[in-house]
2 protein chains.
Amino acid sequence: MSLDLGTDVVTLTESVVNIESVSRNEQELADVVEEALRALEHLEVTRIGHSIVARTDLGHDERVVIAGHLDTVPLNRNLPARNDGTLLHGLGSCDMKGGVAVALRLAHDLSAPNRDVTYVFYEAEEIDDAYNGLGIIAAQRPDLVEADFAILMEPSDAGVEAGCQGTLRVEVTARGERAHSARAWRGVNAIHGAGEILRRLGEYEPRRPVIDGLEYHEGLNAVLISGGVATNVLPDECVVTVNYRFAPDRSEADAQLFVREFFDGFEVEVTDSAPGALPGLGVPAAKAFAEAVGGVVNPKFGWTDVARFTGLGVPAVNYGPGDPMLAHKQEEHVPVEQLRSCETTLRRWLGADPDES
Amino acid sequence: MSLDLGTDVVTLTESVVNIESVSRNEQELADVVEEALRALEHLEVTRIGHSIVARTDLGHDERVVIAGHLDTVPLNRNLPARNDGTLLHGLGSCDMKGGVAVALRLAHDLSAPNRDVTYVFYEAEEIDDAYNGLGIIAAQRPDLVEADFAILMEPSDAGVEAGCQGTLRVEVTARGERAHSARAWRGVNAIHGAGEILRRLGEYEPRRPVIDGLEYHEGLNAVLISGGVATNVLPDECVVTVNYRFAPDRSEADAQLFVREFFDGFEVEVTDSAPGALPGLGVPAAKAFAEAVGGVVNPKFGWTDVARFTGLGVPAVNYGPGDPMLAHKQEEHVPVEQLRSCETTLRRWLGADPDES
């Protein structure tokens with residue numbers, strides 16, 4: 001098995017999709033990506049685990065990272081790939097093997113880009129943070145991901161999505177006192193007590209701050225609720241798991257503070273937290289990239305590894321083929337036209353003749 | 001293994017407790033009860049499954065049932081029995097082997113009671129209604145449980161508890177529409193929607209009707225709640241299980257109607273229903289019994305097989321040793337003094353010298 005990076009981007013996407021690479025099973029895909037990149041004399045290739053970094057070293061003042069993850073969510077009767085002429089269907093086609101194929105095409109063709117490029121193809125983005133290949137590279141070889149700007153090829157409908165919202169999860173607990181439900185007045189019903197938690201959530205008004213011209217949209221939602229002991233017992237505990245998606249002008253600490261005040265009077269335990277990322281469109285490289293892509297720049301509502309780049313001091317945007325709403329869905333697909341337009345746009349931005357290949 | 005019914009009631013209770021008889025494992029206890037009762041010439045004994053019926057047939061105008069179930073809830077490190085001089089501890093001591101021992105003592109000693117007596121020792125009261133021994137006897141041999149009055153020896157702190165409340169369980173469902181929690185405005189949060197269910201429950205005012213001079217006390221309580229798909233998904237369903245305990249002046253149909261109206265606008269599905277039982281203290285036999293016991297007659301808030309007797313046209317009350325609040329608890333126990341006082345009271349009521357034995 002090997003990958004032909006010289007073929008057209010649609011065929012290459014199909015090949016990449018057909019090499020199954022559910023998280024923790026990226027070895028086969030990483031092997032063929034590594035082999036194909038090592039064959040290119042203009043790139044210096046490093047492998048860490050099942051993540052591959054390939055860099056030009058032309059001495060330019062500016063360096064850009066173009067990154068994509070190799071893994072997918074679990075199989076769901078959606079392999080092999082199927083190209084209906086307009087859409088390429090199949091596991092990972094949207095999230096984000098289309099973007100990976102575009103980056104592989106650039107890595108293959110552009111031996112003399114107008115800025116140095118670091119291509120990063122990494123493992124385990126879809127699972128627990130501890131396995132994240134980009135995080136592991138940044139921890140072991142931070143020099144490999146130093147750059148002035150980063151493009152993360154997450155699906156964004158071939159438009160620039162800047163920044164990303166942070167996410168915080170908390171468990172909010174209402175407590176009571178057990179009693180037999182035939183003598184309810186001897187106890188305190190914790191599920192009834194949780195009504196106040198839901199009342200506050202129902203009245204929540206989301207912040208919609210405008211940052212660098214982009215309007216974000218926060219959200220505070222109960223995502224799980226559980227309570228109860230038995231059907232003849234007054235429950236003494238009810239736990240509501242709440243997910244707060246916060247705009248990137250708010251830090252994780254501020255987000256926690258907000259949620260704790262919001263649920264004042266209840267126990268609040270943080271179970272999960274990740275910072276947002278400011279759009280950073282003030283940075284010249286980002287601004288120039290947005291102009292090169294053209295069209296409207298949108299805010300990213302979901303959380304992506306853009307926030308990891310921001311944490312490393314590298315301004316970053318999401319830009320890739322595919323509808324982000326289709327990510328993780330059984331029926332995910334990518335428009336072949338977006339595969340081509342993303343490749344063309346990036347070629348032009350990197351100083352190559354967009355049609356040369 | 002055999003039971004000596006001629007011994008004192010505390011020793012007999014201890015023996016009965018020490019014959020483990022968790023629901024569906026009543027055979028050993030039923031065997032020794034049957035054997036002991038068959039040895040008594042003044043009783044006619046019938047066995048159905050692991051339930052034993054023993055009747056005097058003296059031609060009295062009046063017949064009373066004295067009934068107790070042989071089974072217990074599951075073991076919980078609470079065997080063998082332990083008598084600390086004041087309290088007899090152990091699985092089933094309170095619910096309701098103390099009452100069973102009292103009834104066995106009466107069956108043994110009273111060869112010429114002042115009314116005919118039908119003793120019923122039955123299996124499987126603590127589990128699914130389909131197994132209930134009293135229900136099986138009533139279905140197969142209704143003649144065996146015909147009577148003017150019934151005493152169910154459920155723990156009632158050695159006082160008369162009349163009637164019982166009905167119980168209805170429903171699942172109340174709030175529905176919504178899934179969306180990624182990062183773009184909550186694209187969906188409808190079903191858990192937030194369930195806030196209205198909890199709001200109504202929080203404002204519920206229980207009815208407390210007075211029936212035959214007894215004040216009942218209804219209850220409408222969420223006993224379970226569950227909802228949620230994943231911690232990044234807006235939930236599309238939230239189910240609240242509600243238990244309605246209703247006073248015996250309300251039928252099951254009325255109870256359902258009340259709950260459906262109360263949760264108007266939500267899906268309501270009935271999962272479980274059992275009628276209440278009117279106290280029936282207007283019946284001469286019941287009134288005479290309450291007077292014989294003395295003290296205050298209390299309403300029974302929990303559901304018991306008293307309702308089954310009522311359904312069979314037999315007025316019934318709960319009367320037995322032990323605190324009903326201790327039923328089903330690991331630490332259940334029965335005061336030895338209540339074992340003795342229940343035996344004495346029933347002996348007197350049945351026309352025997354209370355101290356003769």
# chains A, B, ... in the order shown; residues from 1 in each chain; ligands from 1
>>> closest_atom_pairs(of="range 237-292 of chain B", to="range 212-221 of chain B", cutoff="7 Å", atoms="only C-alpha atoms", output="tab-separated table")
residue	atom	partner	partner_atom	distance
B:Val242	CA	B:Asn221	CA	5.4
B:Asn243	CA	B:Asn221	CA	5.3
B:Tyr244	CA	B:Leu220	CA	4.5
B:Arg245	CA	B:Gly219	CA	5.1
B:Phe246	CA	B:Glu218	CA	5.0
B:Ala247	CA	B:Tyr216	CA	5.9
B:Pro279	CA	B:Asp212	CA	6.8
B:Leu281	CA	B:Asp212	CA	6.4
>>> closest_atom_pairs(of="chain A", to="chain B", cutoff="6 Å", atoms="only C-alpha atoms", output="Markdown table")
| residue | atom | partner | partner_atom | distance |
| --- | --- | --- | --- | --- |
| A:Ala182 | CA | B:Gly302 | CA | 5.1 |
| A:His192 | CA | B:Leu198 | CA | 5.5 |
| A:Gly195 | CA | B:Leu198 | CA | 5.0 |
| A:Leu198 | CA | B:Gly195 | CA | 5.0 |
| A:Arg199 | CA | B:Gly195 | CA | 6.0 |
| A:Gly202 | CA | B:His192 | CA | 5.9 |
| A:Val223 | CA | B:Gly228 | CA | 5.3 |
| A:Leu224 | CA | B:Gly228 | CA | 4.2 |
| A:Ile225 | CA | B:Gly227 | CA | 5.2 |
| A:Ser226 | CA | B:Ser226 | CA | 4.7 |
| A:Gly227 | CA | B:Ile225 | CA | 5.3 |
| A:Gly228 | CA | B:Leu224 | CA | 4.2 |
| A:Thr231 | CA | B:Val223 | CA | 5.4 |
| A:Leu234 | CA | B:Val223 | CA | 5.7 |
| A:Pro235 | CA | B:Val223 | CA | 5.9 |
| A:Phe301 | CA | B:Ala182 | CA | 5.6 |
| A:Gly302 | CA | B:Ala182 | CA | 5.1 |
>>> write_last_selection(atoms="C-alpha atoms", output="mmCIF file, in the first residue's frame")
data_model
loop_
_atom_site.group_PDB
_atom_site.id
_atom_site.type_symbol
_atom_site.label_atom_id
_atom_site.label_comp_id
_atom_site.auth_asym_id
_atom_site.auth_seq_id
_atom_site.Cartn_x
_atom_site.Cartn_y
_atom_site.Cartn_z
ATOM 1 C CA ALA A 182 -45.737 7.431 50.574
ATOM 2 C CA HIS A 192 -37.750 19.049 42.651
ATOM 3 C CA GLY A 195 -36.089 22.600 39.114
ATOM 4 C CA LEU A 198 -33.437 24.287 35.058
ATOM 5 C CA ARG A 199 -35.356 27.509 35.717
ATOM 6 C CA GLY A 202 -34.347 28.499 30.868
ATOM 7 C CA VAL A 223 -26.622 18.032 28.438
ATOM 8 C CA LEU A 224 -27.311 15.265 30.976
ATOM 9 C CA ILE A 225 -29.543 14.937 34.000
ATOM 10 C CA SER A 226 -29.903 12.077 36.436
ATOM 11 C CA GLY A 227 -31.434 11.526 39.807
ATOM 12 C CA GLY A 228 -33.400 8.994 41.784
ATOM 13 C CA THR A 231 -39.592 4.430 42.295
ATOM 14 C CA LEU A 234 -37.810 10.450 47.512
ATOM 15 C CA PRO A 235 -34.469 11.154 45.782
ATOM 16 C CA PHE A 301 -18.423 28.079 17.492
ATOM 17 C CA GLY A 302 -17.083 24.617 18.154
#
>>> closest_residue(among="B:Thr56, B:Asn76, B:Asn114, B:Ser15", to="Arg347 in chain B", atoms="only C-alpha atoms")
B:Asn114
>>> residues_around(residues="Thr310 in chain B", least_positions_apart="5", cutoff="7 Å", atoms="only C-alpha atoms", output="list in words")
Ala277, Pro315 and Ala316 of chain B
>>> write_last_selection(atoms="all heavy atoms", output="short mmCIF file (atom, residue, chain, number, x, y, z; two decimals), in the first residue's frame")
data_model
loop_
_atom_site.label_atom_id
_atom_site.label_comp_id
_atom_site.auth_asym_id
_atom_site.auth_seq_id
_atom_site.Cartn_x
_atom_site.Cartn_y
_atom_site.Cartn_z
N ALA B 277 -57.38 1.87 49.56
CA ALA B 277 -58.47 1.15 50.25
C ALA B 277 -59.06 2.09 51.27
O ALA B 277 -58.33 2.69 52.07
CB ALA B 277 -57.93 -0.10 50.93
N PRO B 315 -63.50 -5.83 54.39
CA PRO B 315 -62.90 -4.68 55.08
C PRO B 315 -61.65 -5.15 55.82
O PRO B 315 -61.64 -6.26 56.37
CB PRO B 315 -63.97 -4.23 56.07
CG PRO B 315 -65.22 -4.98 55.71
CD PRO B 315 -64.83 -6.18 54.90
N ALA B 316 -60.61 -4.33 55.83
CA ALA B 316 -59.35 -4.78 56.42
C ALA B 316 -58.60 -3.62 57.03
O ALA B 316 -58.77 -2.46 56.63
CB ALA B 316 -58.48 -5.45 55.35
#
>>> residues_around(residues="Gly6 in chain A", least_positions_apart="6", cutoff="12 Å", atoms="only C-alpha atoms", output="mmCIF file with all heavy atoms, in the first residue's frame")
data_model
loop_
_atom_site.group_PDB
_atom_site.id
_atom_site.type_symbol
_atom_site.label_atom_id
_atom_site.label_comp_id
_atom_site.auth_asym_id
_atom_site.auth_seq_id
_atom_site.Cartn_x
_atom_site.Cartn_y
_atom_site.Cartn_z
ATOM 1 N N LEU A 12 -7.022 11.466 -4.508
ATOM 2 C CA LEU A 12 -6.190 11.302 -3.308
ATOM 3 C C LEU A 12 -7.064 11.240 -2.045
ATOM 4 O O LEU A 12 -6.831 10.423 -1.153
ATOM 5 C CB LEU A 12 -5.169 12.445 -3.203
ATOM 6 C CG LEU A 12 -4.223 12.377 -2.006
ATOM 7 C CD1 LEU A 12 -3.437 11.056 -1.980
ATOM 8 C CD2 LEU A 12 -3.260 13.570 -2.003
ATOM 9 N N ALA A 36 5.409 8.486 1.624
ATOM 10 C CA ALA A 36 5.223 9.387 0.479
ATOM 11 C C ALA A 36 5.975 10.699 0.685
ATOM 12 O O ALA A 36 6.555 11.265 -0.258
ATOM 13 C CB ALA A 36 3.736 9.643 0.265
ATOM 14 N N LEU A 37 5.979 11.201 1.922
ATOM 15 C CA LEU A 37 6.638 12.487 2.179
ATOM 16 C C LEU A 37 8.163 12.345 2.185
ATOM 17 O O LEU A 37 8.888 13.240 1.735
ATOM 18 C CB LEU A 37 6.150 13.073 3.513
ATOM 19 C CG LEU A 37 4.664 13.483 3.537
ATOM 20 C CD1 LEU A 37 4.235 13.878 4.950
ATOM 21 C CD2 LEU A 37 4.392 14.647 2.567
ATOM 22 N N ALA A 39 9.848 10.625 0.325
ATOM 23 C CA ALA A 39 10.318 10.550 -1.067
ATOM 24 C C ALA A 39 10.554 11.940 -1.668
ATOM 25 O O ALA A 39 11.112 12.059 -2.766
ATOM 26 C CB ALA A 39 9.294 9.781 -1.905
ATOM 27 N N LEU A 40 10.118 12.993 -0.945
ATOM 28 C CA LEU A 40 10.212 14.353 -1.495
ATOM 29 C C LEU A 40 11.446 15.052 -0.941
ATOM 30 O O LEU A 40 11.563 15.259 0.273
ATOM 31 C CB LEU A 40 8.939 15.135 -1.123
ATOM 32 C CG LEU A 40 7.633 14.478 -1.620
ATOM 33 C CD1 LEU A 40 6.418 15.164 -1.006
ATOM 34 C CD2 LEU A 40 7.568 14.508 -3.137
ATOM 35 N N ALA A 101 -5.857 15.571 2.402
ATOM 36 C CA ALA A 101 -5.456 15.341 1.005
ATOM 37 C C ALA A 101 -4.993 16.641 0.345
ATOM 38 O O ALA A 101 -3.999 16.657 -0.402
ATOM 39 C CB ALA A 101 -6.627 14.719 0.230
ATOM 40 N N VAL A 102 -5.707 17.737 0.622
ATOM 41 C CA VAL A 102 -5.275 19.037 0.077
ATOM 42 C C VAL A 102 -3.848 19.348 0.550
ATOM 43 O O VAL A 102 -2.976 19.726 -0.245
ATOM 44 C CB VAL A 102 -6.252 20.158 0.509
ATOM 45 C CG1 VAL A 102 -5.669 21.537 0.192
ATOM 46 C CG2 VAL A 102 -7.615 19.971 -0.165
ATOM 47 N N LEU A 104 -1.560 17.283 1.588
ATOM 48 C CA LEU A 104 -0.598 16.346 0.981
ATOM 49 C C LEU A 104 -0.269 16.761 -0.460
ATOM 50 O O LEU A 104 0.884 16.654 -0.907
ATOM 51 C CB LEU A 104 -1.158 14.914 1.011
ATOM 52 C CG LEU A 104 -1.170 14.229 2.388
ATOM 53 C CD1 LEU A 104 -1.977 12.921 2.331
ATOM 54 C CD2 LEU A 104 0.266 13.944 2.876
ATOM 55 N N ARG A 105 -1.290 17.241 -1.177
ATOM 56 C CA ARG A 105 -1.055 17.709 -2.551
ATOM 57 C C ARG A 105 -0.084 18.891 -2.554
ATOM 58 O O ARG A 105 0.862 18.935 -3.362
ATOM 59 C CB ARG A 105 -2.380 18.133 -3.203
ATOM 60 C CG ARG A 105 -3.322 17.006 -3.546
ATOM 61 C CD ARG A 105 -2.883 16.242 -4.795
ATOM 62 N NE ARG A 105 -2.818 17.129 -5.950
ATOM 63 C CZ ARG A 105 -1.716 17.348 -6.668
ATOM 64 N NH1 ARG A 105 -0.580 16.741 -6.362
ATOM 65 N NH2 ARG A 105 -1.734 18.168 -7.699
ATOM 66 N N LEU A 106 -0.295 19.827 -1.635
ATOM 67 C CA LEU A 106 0.596 21.004 -1.551
ATOM 68 C C LEU A 106 2.014 20.565 -1.198
ATOM 69 O O LEU A 106 3.004 21.028 -1.781
ATOM 70 C CB LEU A 106 0.089 21.994 -0.488
ATOM 71 C CG LEU A 106 -1.337 22.535 -0.698
ATOM 72 C CD1 LEU A 106 -1.770 23.352 0.525
ATOM 73 C CD2 LEU A 106 -1.412 23.395 -1.964
ATOM 74 N N ALA A 107 2.108 19.662 -0.206
ATOM 75 C CA ALA A 107 3.425 19.192 0.230
ATOM 76 C C ALA A 107 4.178 18.553 -0.934
ATOM 77 O O ALA A 107 5.397 18.712 -1.086
ATOM 78 C CB ALA A 107 3.258 18.197 1.385
ATOM 79 N N HIS A 108 3.448 17.853 -1.763
ATOM 80 C CA HIS A 108 4.061 17.170 -2.908
ATOM 81 C C HIS A 108 4.512 18.150 -3.980
ATOM 82 O O HIS A 108 5.639 18.091 -4.484
ATOM 83 C CB HIS A 108 3.057 16.187 -3.506
ATOM 84 C CG HIS A 108 3.557 15.475 -4.730
ATOM 85 N ND1 HIS A 108 3.361 15.960 -6.005
ATOM 86 C CD2 HIS A 108 4.266 14.327 -4.873
ATOM 87 C CE1 HIS A 108 3.924 15.140 -6.882
ATOM 88 N NE2 HIS A 108 4.480 14.127 -6.215
ATOM 89 N N ASP A 109 3.615 19.089 -4.317
ATOM 90 C CA ASP A 109 3.853 19.908 -5.512
ATOM 91 C C ASP A 109 4.735 21.123 -5.260
ATOM 92 O O ASP A 109 5.470 21.543 -6.152
ATOM 93 C CB ASP A 109 2.515 20.409 -6.080
ATOM 94 C CG ASP A 109 1.763 19.302 -6.830
ATOM 95 O OD1 ASP A 109 2.197 18.124 -6.742
ATOM 96 O OD2 ASP A 109 0.754 19.626 -7.481
ATOM 97 N N LEU A 110 4.608 21.707 -4.061
ATOM 98 C CA LEU A 110 5.243 23.015 -3.861
ATOM 99 C C LEU A 110 6.644 22.865 -3.274
ATOM 100 O O LEU A 110 6.846 22.888 -2.066
ATOM 101 C CB LEU A 110 4.367 23.887 -2.950
ATOM 102 C CG LEU A 110 2.903 24.063 -3.401
ATOM 103 C CD1 LEU A 110 2.188 25.089 -2.543
ATOM 104 C CD2 LEU A 110 2.819 24.448 -4.878
ATOM 105 N N GLU A 356 -0.882 24.907 -12.010
ATOM 106 C CA GLU A 356 0.301 24.061 -12.249
ATOM 107 C C GLU A 356 0.240 22.862 -11.308
ATOM 108 O O GLU A 356 -0.123 23.000 -10.143
ATOM 109 C CB GLU A 356 1.552 24.901 -11.946
ATOM 110 C CG GLU A 356 2.841 24.106 -11.782
ATOM 111 C CD GLU A 356 3.789 24.802 -10.799
ATOM 112 O OE1 GLU A 356 3.949 26.034 -10.901
ATOM 113 O OE2 GLU A 356 4.356 24.108 -9.937
ATOM 114 N N SER A 357 0.568 21.709 -11.786
ATOM 115 C CA SER A 357 0.703 20.579 -10.852
ATOM 116 C C SER A 357 1.438 19.439 -11.534
ATOM 117 O O SER A 357 1.683 19.493 -12.723
ATOM 118 C CB SER A 357 -0.658 20.108 -10.341
ATOM 119 O OG SER A 357 -1.327 19.381 -11.345
#
>>> residues_around(residues="range 126-131 of chain B", least_positions_apart="6", cutoff="8 Å", atoms="only C-alpha atoms", output="list in words")
Ser23, Asp71, Thr72 and Val73 of chain B
>>> write_last_selection(atoms="all heavy atoms", output="PDB file, in the first residue's frame")
ATOM      1  N   SER B  23     -38.122 -13.502  48.932  1.00  0.00           N
ATOM      2  CA  SER B  23     -39.171 -13.771  47.932  1.00  0.00           C
ATOM      3  C   SER B  23     -38.684 -14.782  46.906  1.00  0.00           C
ATOM      4  O   SER B  23     -37.574 -14.675  46.397  1.00  0.00           O
ATOM      5  CB  SER B  23     -39.547 -12.465  47.207  1.00  0.00           C
ATOM      6  OG  SER B  23     -39.895 -11.476  48.138  1.00  0.00           O
ATOM      7  N   ASP B  71     -42.514 -13.933  53.036  1.00  0.00           N
ATOM      8  CA  ASP B  71     -41.263 -13.545  52.365  1.00  0.00           C
ATOM      9  C   ASP B  71     -40.688 -12.251  52.916  1.00  0.00           C
ATOM     10  O   ASP B  71     -41.344 -11.502  53.636  1.00  0.00           O
ATOM     11  CB  ASP B  71     -41.472 -13.424  50.851  1.00  0.00           C
ATOM     12  CG  ASP B  71     -42.470 -12.334  50.470  1.00  0.00           C
ATOM     13  OD1 ASP B  71     -43.490 -12.176  51.189  1.00  0.00           O
ATOM     14  OD2 ASP B  71     -42.219 -11.624  49.480  1.00  0.00           O
ATOM     15  N   THR B  72     -39.429 -12.031  52.565  1.00  0.00           N
ATOM     16  CA  THR B  72     -38.737 -10.790  52.950  1.00  0.00           C
ATOM     17  C   THR B  72     -38.045 -10.220  51.709  1.00  0.00           C
ATOM     18  O   THR B  72     -37.894 -10.894  50.699  1.00  0.00           O
ATOM     19  CB  THR B  72     -37.629 -11.042  54.002  1.00  0.00           C
ATOM     20  OG1 THR B  72     -36.550 -11.764  53.370  1.00  0.00           O
ATOM     21  CG2 THR B  72     -38.129 -11.832  55.185  1.00  0.00           C
ATOM     22  N   VAL B  73     -37.604  -8.970  51.851  1.00  0.00           N
ATOM     23  CA  VAL B  73     -36.726  -8.379  50.838  1.00  0.00           C
ATOM     24  C   VAL B  73     -35.363  -9.084  50.930  1.00  0.00           C
ATOM     25  O   VAL B  73     -35.131  -9.873  51.841  1.00  0.00           O
ATOM     26  CB  VAL B  73     -36.600  -6.847  51.050  1.00  0.00           C
ATOM     27  CG1 VAL B  73     -37.947  -6.172  50.825  1.00  0.00           C
ATOM     28  CG2 VAL B  73     -36.041  -6.516  52.418  1.00  0.00           C
TER      29      VAL B  73
END
